[in-house]
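Engineer: Dumping the structure here so I can ask a few things about it.
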Amino acid sequence: MLSALLAATLSLFRTRAALQLEILALRHQLGVLQRSVKKPKLNRFDRMLWSWFCGTWTAWRSALCIVKPDTVIAWHRKGYRLFWTWKVRRGQPGRPAVPKEIRKLIRQMSRDNPLWGAPRIHGELRKLGIDIGETSVSKYTWCAVGIRPRRPGERSWKTI
């Protein structure tokens with residue numbers, strides 16, 4: 001009796017949307033329990049609904065009775081993993097290839113201006129409206145001049 005009175009008092013301070021979400025969650029759980037014989041069996045739609053509750057409703061844990069909250073969080077994470085896997089697979093994986101004309105231009109700029117490094121060539125290409133990363137420019141710059149970049153710890157001078 002006391003708990004029912006306390007619940008009724010607390011419901012006065014909740015928003016109508018929060019109450020409707022709680023009613024929806026509780027009715028859903030009743031439906032799952034009514035269609036199950038012994039153990040609640042959740043299908044894909046049930047998991048998606050609880051993952052949506054987890055992401056949009058802050059008090060979803062208080063209305064959850066049939067599974068652990070950690071299970072719902074695991075479903076939510078799995079959904080994100082599946083989404084990003086799908087998104088990557090349907091597009092081109094990896095970095096897009098640099099067109100041959102741009103590679104030729106980078107090598108020519110590197111040969112014609114031996115004092116320019118990759119940052120300068122990258123800046124000039126950006127001024128021309130060519131969108132390419134500085135690391136890609138440095139990759140083709142070193143190849144064009146015939147100089148390889150120093151490795152970490154390697155000296156740039158010789159001792160006698």
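Identifiers for the structure tokens are assigned positionally: chains receive A, B, ... in sequence, residues are indexed from 1 per chain, and ligands are indexed from 1 in the order shown.
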Neighbouring residues of Gln29 of chain A were defined as those with any atom within 12 Å, considering only C-alpha atoms; residues of the same chain fewer than 6 positions away were excluded. Please report them as a list of chain:residue names.

Structural biologist: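 In the requested form, the answer reads A:Glu22, A:Ile23, A:Arg35, A:Ser36, A:Pro40, A:Lys41, A:Leu42, A:Asp46, A:Arg47, A:Leu49, A:Trp50, A:Ala63, A:Leu64, A:Cys65, A:Ile66, A:Val67.
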
Engineer: Fewer than 2 positions away in the same chain doesn't count, so skip those; otherwise give me all residues within 12 Å of Ala59 of chain A, counting only C-alpha atoms, as a VMD selection string.

Structural biologist: chain A and resid 14 to 15 17 to 19 21 to 22 25 53 to 57 61 to 64 69

Engineer: For Arg103 of chain A, please output as a list in words all residues within 10 Å (counting only C-alpha atoms; exclusion window: fewer than 2 positions along the same chain).

Structural biologist: Val98, Pro99, Lys100, Glu101, Leu105, Ile106, Arg107, Gln108, Met109, Ser136, Val137, Lys139, Tyr140, Thr141 and Ala144 of chain A

Engineer: Select, from A:Lys38, A:Gly117, A:Gly79, A:Glu124, the residue with the minimum atom-to-atom distance to Ser138 of chain A, counting only C-alpha atoms.

Structural biologist: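 Of the candidates, the smallest distance to Ser138 of chain A is held by A:Gly117.
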
Engineer: What does the structure give for the distance between atom CA of Ser51 of chain A and atom CA of Trp84 of chain A, in Å to one decimal?

Structural biologist: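 Atom CA of Ser51 of chain A sits 15.9 Å away from atom CA of Trp84 of chain A.
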
Engineer: When you draw a straight line from atom CA of Ile102 of chain A to atom CA of Glu134 of chain A, how long is it in Å?

Structural biologist: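 These two atoms are separated by 13.0 Å.
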
Engineer: Choose the residue, out of A:Arg77, A:Ile130, A:Pro119, A:Ala97, that has the smallest atom-to-atom separation from Met48 of chain A; count only C-alpha atoms.

Structural biologist: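 Going through A:Arg77, A:Ile130, A:Pro119, A:Ala97 one by one, the smallest distance to Met48 of chain A is for A:Arg77.
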
Engineer: If you measure from atom CA of Lys39 of chain A to atom CA of Ala74 of chain A, what distance in Å do you get, rounded to one decimal?

Structural biologist: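 For atom CA of Lys39 of chain A relative to atom CA of Ala74 of chain A, the distance reads 19.6 Å.
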